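Asks: File name target-v7.tsv; file contents TSV, C-alpha atoms; full text below.
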chain	number	residue	atom	x	y	z
A	1	MET	CA	0.00	0.00	0.00
A	2	ASN	CA	1.30	3.44	-0.92
A	3	HIS	CA	1.24	5.96	1.85
A	4	ARG	CA	2.10	9.63	1.96
A	5	VAL	CA	1.77	12.32	4.59
A	6	ARG	CA	2.05	15.96	3.69
A	7	PRO	CA	2.97	18.20	6.62
A	8	ALA	CA	0.79	21.05	7.83
A	9	MET	CA	0.78	24.04	5.50
A	10	PRO	CA	0.46	27.59	6.82
A	11	THR	CA	-1.79	28.70	3.96
A	12	LEU	CA	-5.59	28.86	4.21
A	13	SER	CA	-7.46	26.32	2.13
A	14	ARG	CA	-10.36	27.55	-0.02
A	15	ARG	CA	-12.69	25.66	2.32
A	16	ASP	CA	-11.32	27.48	5.38
A	17	ALA	CA	-11.50	30.82	3.62
A	18	LEU	CA	-15.17	30.20	2.75
A	19	ARG	CA	-15.92	29.00	6.28
A	20	ILE	CA	-14.37	32.13	7.80
A	21	ALA	CA	-16.19	34.36	5.33
A	22	ALA	CA	-19.52	32.64	6.09
A	23	GLY	CA	-18.86	32.88	9.84
A	24	SER	CA	-18.11	36.60	9.63
A	25	ALA	CA	-21.27	37.19	7.61
A	26	ALA	CA	-23.37	35.31	10.19
A	27	LEU	CA	-21.80	37.28	13.03
A	28	ALA	CA	-22.51	40.55	11.25
A	29	VAL	CA	-26.20	39.64	11.00
A	30	THR	CA	-26.93	38.00	14.37
A	31	GLY	CA	-24.13	39.09	16.65
A	32	SER	CA	-23.46	35.50	17.68
A	33	ARG	CA	-23.66	32.02	16.24
A	34	ALA	CA	-27.19	30.68	16.03
A	35	GLN	CA	-27.83	28.07	18.72
A	36	GLY	CA	-29.75	24.84	19.26
A	37	ALA	CA	-32.95	24.19	17.35
A	38	SER	CA	-32.28	26.87	14.73
A	39	ASP	CA	-28.88	25.28	14.00
A	40	VAL	CA	-30.63	21.96	13.37
A	41	ALA	CA	-33.33	23.57	11.21
A	42	ASN	CA	-30.69	25.51	9.25
A	43	ALA	CA	-28.56	22.40	8.61
A	44	ILE	CA	-31.62	20.50	7.36
A	45	ALA	CA	-32.95	23.40	5.27
A	46	ALA	CA	-29.55	23.90	3.63
A	47	PHE	CA	-29.65	20.24	2.57
A	48	THR	CA	-33.29	19.98	1.44
A	49	GLY	CA	-33.48	23.39	-0.22
A	50	GLY	CA	-36.99	23.62	1.26
A	51	ARG	CA	-38.24	20.38	-0.35
A	52	ALA	CA	-40.36	18.26	2.01
A	53	PRO	CA	-38.64	14.99	2.97
A	54	GLU	CA	-40.52	11.71	2.52
A	55	ALA	CA	-40.37	8.78	4.94
A	56	GLY	CA	-38.99	5.41	3.84
A	57	SER	CA	-36.10	4.01	1.80
A	58	ILE	CA	-33.59	4.55	4.64
A	59	THR	CA	-32.44	1.86	7.07
A	60	LEU	CA	-30.79	3.42	10.10
A	61	ASP	CA	-28.82	0.99	12.23
A	62	LEU	CA	-28.21	2.79	15.52
A	63	ALA	CA	-28.72	1.65	19.13
A	64	ALA	CA	-31.63	3.20	21.07
A	65	ALA	CA	-29.43	3.40	24.18
A	66	VAL	CA	-25.64	3.61	24.49
A	67	GLU	CA	-23.32	3.86	27.50
A	68	ASP	CA	-20.51	5.84	25.89
A	69	GLY	CA	-21.32	8.78	23.63
A	70	ASN	CA	-17.70	9.09	22.51
A	71	SER	CA	-17.97	6.33	19.92
A	72	VAL	CA	-21.43	5.23	18.78
A	73	PRO	CA	-21.64	2.85	15.80
A	74	LEU	CA	-23.91	4.15	13.03
A	75	SER	CA	-24.84	2.39	9.79
A	76	VAL	CA	-27.04	3.87	7.09
A	77	THR	CA	-28.39	2.10	4.01
A	78	VAL	CA	-30.62	3.75	1.41
A	79	GLU	CA	-32.54	1.59	-1.08
A	80	SER	CA	-31.26	2.50	-4.53
A	81	PRO	CA	-30.07	0.69	-7.68
A	82	MET	CA	-27.19	3.24	-7.85
A	83	ARG	CA	-27.46	3.60	-11.63
A	84	PRO	CA	-26.45	6.87	-13.33
A	85	ASP	CA	-30.15	7.65	-13.96
A	86	ASP	CA	-31.34	6.57	-10.49
A	87	HIS	CA	-29.04	6.96	-7.50
A	88	VAL	CA	-28.52	8.55	-4.12
A	89	SER	CA	-26.35	11.63	-4.55
A	90	GLU	CA	-25.97	12.84	-0.98
A	91	ILE	CA	-26.62	11.82	2.64
A	92	LEU	CA	-26.60	14.18	5.65
A	93	VAL	CA	-26.40	13.08	9.30
A	94	VAL	CA	-27.55	15.50	12.03
A	95	ALA	CA	-27.51	15.01	15.82
A	96	ASP	CA	-30.05	17.49	17.21
A	97	ALA	CA	-28.57	18.06	20.70
A	98	ASN	CA	-24.88	18.15	19.86
A	99	PRO	CA	-23.15	21.55	20.25
A	100	TRP	CA	-22.56	21.44	16.48
A	101	PRO	CA	-25.50	19.41	15.05
A	102	ARG	CA	-23.98	18.50	11.67
A	103	VAL	CA	-22.22	15.13	11.96
A	104	ALA	CA	-21.17	14.42	8.38
A	105	SER	CA	-22.37	14.63	4.79
A	106	PHE	CA	-21.55	12.07	2.14
A	107	GLN	CA	-21.47	12.56	-1.63
A	108	PHE	CA	-22.09	9.37	-3.58
A	109	SER	CA	-21.45	8.54	-7.22
A	110	PRO	CA	-23.19	5.56	-8.88
A	111	THR	CA	-19.77	3.83	-8.77
A	112	ALA	CA	-20.34	3.33	-5.03
A	113	GLY	CA	-22.66	0.45	-6.04
A	114	LYS	CA	-24.59	0.70	-2.77
A	115	ALA	CA	-25.82	3.84	-0.98
A	116	ALA	CA	-24.52	2.73	2.39
A	117	PHE	CA	-21.89	3.55	4.98
A	118	SER	CA	-20.88	2.71	8.53
A	119	THR	CA	-18.97	4.96	10.90
A	120	ARG	CA	-18.72	5.91	14.59
A	121	ILE	CA	-20.16	9.15	15.91
A	122	ARG	CA	-20.03	11.31	19.06
A	123	LEU	CA	-23.24	12.10	20.94
A	124	ALA	CA	-23.12	14.68	23.74
A	125	ALA	CA	-26.49	13.79	25.34
A	126	ASP	CA	-29.83	12.02	24.79
A	127	GLN	CA	-31.02	13.14	21.37
A	128	ASN	CA	-32.37	12.34	17.92
A	129	VAL	CA	-30.07	11.33	15.10
A	130	ILE	CA	-31.63	12.44	11.82
A	131	VAL	CA	-30.56	11.11	8.42
A	132	LEU	CA	-31.55	12.75	5.13
A	133	ALA	CA	-30.86	11.28	1.70
A	134	LYS	CA	-31.04	13.20	-1.57
A	135	MET	CA	-31.73	11.37	-4.84
A	136	ASN	CA	-30.33	12.48	-8.20
A	137	ASP	CA	-33.86	13.60	-9.19
A	138	GLY	CA	-34.04	15.87	-6.13
A	139	ARG	CA	-36.36	13.73	-3.94
A	140	ILE	CA	-35.45	13.73	-0.24
A	141	PHE	CA	-35.95	10.86	2.19
A	142	THR	CA	-35.50	10.99	5.95
A	143	ALA	CA	-35.30	8.70	8.97
A	144	ARG	CA	-34.57	9.33	12.63
A	145	GLN	CA	-33.69	7.41	15.77
A	146	HIS	CA	-33.74	8.60	19.39
A	147	VAL	CA	-30.64	7.60	21.35
A	148	GLU	CA	-30.28	7.64	25.14
A	149	VAL	CA	-26.68	8.38	26.11
A	150	THR	CA	-25.41	7.43	29.60
A	151	ILE	CA	-22.09	9.26	29.38
A	152	GLY	CA	-22.00	12.00	26.78
A	153	ALA	CA	-19.03	12.64	24.50
A	154	CYS	CA	-16.73	14.89	26.52
A	155	THR	CA	-17.10	18.58	25.84
A	156	ASN	CA	-14.94	19.83	28.71
B	1	MET	CA	1.94	10.95	15.46
B	2	THR	CA	0.30	9.85	12.28
B	3	THR	CA	0.36	6.19	11.50
B	4	GLN	CA	-0.41	4.53	8.22
B	5	PRO	CA	-4.16	4.33	7.47
B	6	ARG	CA	-5.62	0.84	7.59
B	7	ILE	CA	-7.64	-0.27	4.56
B	8	ARG	CA	-9.39	-3.61	4.21
B	9	MET	CA	-10.72	-4.57	0.77
B	10	PRO	CA	-10.40	-7.50	-1.61
B	11	LYS	CA	-7.47	-7.69	-4.07
B	12	LEU	CA	-9.61	-9.57	-6.62
B	13	ALA	CA	-13.19	-9.06	-7.79
B	14	LYS	CA	-15.54	-10.22	-10.53
B	15	LYS	CA	-16.49	-7.63	-13.15
B	16	GLY	CA	-19.44	-5.64	-11.84
B	17	GLU	CA	-19.04	-6.89	-8.26
B	18	VAL	CA	-19.88	-4.53	-5.39
B	19	ILE	CA	-17.05	-4.77	-2.88
B	20	GLN	CA	-16.84	-3.58	0.73
B	21	ILE	CA	-14.07	-1.15	1.70
B	22	ARG	CA	-13.21	-0.52	5.35
B	23	THR	CA	-10.91	2.36	6.29
B	24	LEU	CA	-9.47	3.55	9.59
B	25	VAL	CA	-7.07	6.42	10.15
B	26	SER	CA	-5.46	7.44	13.44
B	27	HIS	CA	-6.41	10.98	14.43
B	28	MET	CA	-7.48	12.50	17.75
B	29	MET	CA	-10.31	14.52	16.13
B	30	GLU	CA	-9.91	17.40	18.61
B	31	SER	CA	-13.44	18.82	18.61
B	32	GLY	CA	-12.72	22.44	19.59
B	33	GLN	CA	-15.20	22.01	22.47
B	34	ARG	CA	-12.72	20.83	25.12
B	35	LYS	CA	-10.77	22.99	27.55
B	36	ASP	CA	-7.30	22.34	28.94
B	37	ALA	CA	-6.36	22.39	32.67
B	38	SER	CA	-6.08	26.19	32.67
B	39	GLY	CA	-9.56	26.61	31.16
B	40	LYS	CA	-8.37	27.56	27.69
B	41	THR	CA	-10.26	26.04	24.76
B	42	ILE	CA	-8.16	23.49	22.89
B	43	PRO	CA	-8.28	24.55	19.22
B	44	ARG	CA	-10.25	22.36	16.84
B	45	ASN	CA	-8.18	20.00	14.71
B	46	ILE	CA	-10.15	17.30	12.93
B	47	ILE	CA	-10.06	15.35	9.70
B	48	ASN	CA	-12.63	17.46	7.81
B	49	ARG	CA	-12.70	15.70	4.43
B	50	PHE	CA	-12.37	12.15	3.15
B	51	SER	CA	-12.49	11.11	-0.47
B	52	CYS	CA	-12.18	7.89	-2.45
B	53	THR	CA	-11.66	7.65	-6.20
B	54	PHE	CA	-11.31	4.66	-8.54
B	55	ASN	CA	-9.14	5.15	-11.64
B	56	GLY	CA	-9.51	8.90	-11.10
B	57	ARG	CA	-13.32	8.88	-10.91
B	58	PRO	CA	-15.17	9.75	-7.69
B	59	VAL	CA	-16.68	6.92	-5.64
B	60	LEU	CA	-17.55	8.61	-2.36
B	61	ALA	CA	-16.53	11.74	-0.52
B	62	CYS	CA	-17.41	12.94	2.93
B	63	ASP	CA	-17.43	16.31	4.72
B	64	ILE	CA	-16.67	15.47	8.33
B	65	GLU	CA	-17.60	17.48	11.44
B	66	PRO	CA	-16.29	17.17	15.03
B	67	ALA	CA	-19.07	14.64	15.82
B	68	ILE	CA	-17.17	11.86	14.06
B	69	ALA	CA	-15.35	9.81	16.70
B	70	ALA	CA	-11.57	9.82	17.15
B	71	ASN	CA	-9.68	7.56	14.74
B	72	PRO	CA	-12.32	7.96	12.01
B	73	TYR	CA	-13.68	4.64	10.75
B	74	LEU	CA	-15.57	4.52	7.49
B	75	GLU	CA	-17.00	1.51	5.70
B	76	PHE	CA	-18.59	1.85	2.25
B	77	SER	CA	-18.89	0.04	-1.08
B	78	ALA	CA	-17.75	0.34	-4.66
B	79	ARG	CA	-18.84	-1.33	-7.89
B	80	VAL	CA	-15.79	-2.55	-9.80
B	81	GLU	CA	-16.08	-2.86	-13.60
B	82	GLU	CA	-12.36	-2.92	-14.42
B	83	SER	CA	-8.97	-3.49	-12.82
B	84	GLY	CA	-7.44	-0.39	-11.33
B	85	THR	CA	-6.47	1.69	-8.34
B	86	PHE	CA	-8.47	3.11	-5.47
B	87	ARG	CA	-7.07	6.31	-3.95
B	88	PHE	CA	-8.01	7.47	-0.49
B	89	THR	CA	-7.37	10.95	0.95
B	90	TRP	CA	-7.95	12.37	4.42
B	91	ALA	CA	-7.46	16.13	4.98
B	92	ALA	CA	-7.16	17.76	8.42
B	93	ASP	CA	-7.84	21.30	9.70
B	94	ASP	CA	-4.10	21.94	10.21
B	95	GLY	CA	-3.38	21.21	6.54
B	96	MET	CA	-2.10	17.68	7.01
B	97	VAL	CA	-3.10	15.36	4.16
B	98	ILE	CA	-2.89	11.57	4.42
B	99	SER	CA	-3.16	9.52	1.24
B	100	ALA	CA	-3.18	5.84	0.45
B	101	SER	CA	-3.95	3.63	-2.52
B	102	GLU	CA	-4.95	0.02	-3.16
B	103	LYS	CA	-5.02	-1.96	-6.39
B	104	ILE	CA	-7.75	-4.38	-7.42
B	105	THR	CA	-7.75	-6.89	-10.28
B	106	ILE	CA	-10.72	-8.30	-12.20
B	107	ARG	CA	-10.35	-12.07	-12.27
What is this file in structure tokens?
Replies:
Amino acid sequence: MNHRVRPAMPTLSRRDALRIAAGSAALAVTGSRAQGASDVANAIAAFTGGRAPEAGSITLDLAAAVEDGNSVPLSVTVESPMRPDDHVSEILVVADANPWPRVASFQFSPTAGKAAFSTRIRLAADQNVIVLAKMNDGRIFTARQHVEVTIGACTN
Amino acid sequence: MTTQPRIRMPKLAKKGEVIQIRTLVSHMMESGQRKDASGKTIPRNIINRFSCTFNGRPVLACDIEPAIAANPYLEFSARVEESGTFRFTWAADDGMVISASEKITIR
């Protein structure tokens, strides 16, 4: 296996530059970062573009209760043939009581063969994990699971 | 600090087969929420982007937030129609980029 590590660069990436610009703009408007429920609504609205999500098509494999919020296994599968004319293009994961509700967003190409992934997430407290999937034709599907967390992911 | 990423996937596949790829990279995923002993916030430093390509074409990419656990694990699939090379890239907030590649052959 080839392996390469490039050391830290002092320059700003385009992504960072955009993030800073967006952050400054938000501060100028509101005076502080939006908190809580509005963060969740904003993250979802940015993904759906206002289109109403439909139920179904998503299998969310996530425990209803976990002891340790620092590493919670999450698997998501969306029913799709993953053909160029019919595939999942994007999946967003949101945790509605985390200090920063966005967890991750995935961009799929039909080459992925299956619209599925597994990872491990951090949950700060009892909350809902919400998954949204966007199809190439613009349809949105959603699923959610409430998770009780005994010891939240450390935030201090 | 950084160790080689671990990638598990088959070396051989049938044409059109959907294979499973499992990846794990060592990284503390410092969330930016924690404080040190003196009460100062420890600056955020996470892997913020992962991508996988096959023969130069995108398979899957992921924008990652601090809510992905330390030592990010990601399992996903790919449909393989030809022999070739998968390339994997992880990019961190501090500019560090980790790359790896794996070859697969159609039998």
Asks: Near chain A, which residues of chain B fall within 8 Å when you count all atoms listed in the file, and what do they look like as a ChimeraX atom specification?
Replies: /B:4-5,18,33-35,58-70,72-80,94-102
Asks: What gap, in Å, lies between atom CA of B:Phe86 and atom CA of B:Ile21?
Replies: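 Pair atom CA of B:Phe86 / atom CA of B:Ile21 returns 10.0 Å.
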Asks: Near stretch 139-150 of chain A, counting only C-alpha atoms, which residues have an atom at most 9 Å away, once you skip same-chain residues fewer than 5 positions from it, shown as a PyMOL selection string?
Replies: chain A and resi 48+51-69+78+123-134
Asks: Kindly give the distance, in Å, that separates atom CA of B:His27 and atom CA of B:Cys52, rounded to a single decimal.
Replies: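 Pair atom CA of B:His27 / atom CA of B:Cys52 returns 18.1 Å.
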Asks: If you measure from atom CA of A:Pro84 to atom CA of B:Leu24, what distance in Å do you get, rounded to one decimal?
Replies: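 For atom CA of A:Pro84 relative to atom CA of B:Leu24, the distance reads 28.7 Å.
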Asks: Ranking A:Asn42, A:Ala37, A:Gly152, A:Asn136 by minimum distance to A:His87 and counting only C-alpha atoms, which one comes first?
Replies: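 Smallest separation from A:His87 among the options: A:Asn136.
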Asks: Kindly provide, as AutoDock Vina command-line options, the centre and edge lengths (Å, one decimal) of an axis-aligned box around all atoms of stretch 119-127 of chain A given in the file, with 3 Å on each side.
Replies:
--center_x -24.9 --center_y 9.8 --center_z 18.1 --size_x 18.3 --size_y 15.7 --size_z 20.4
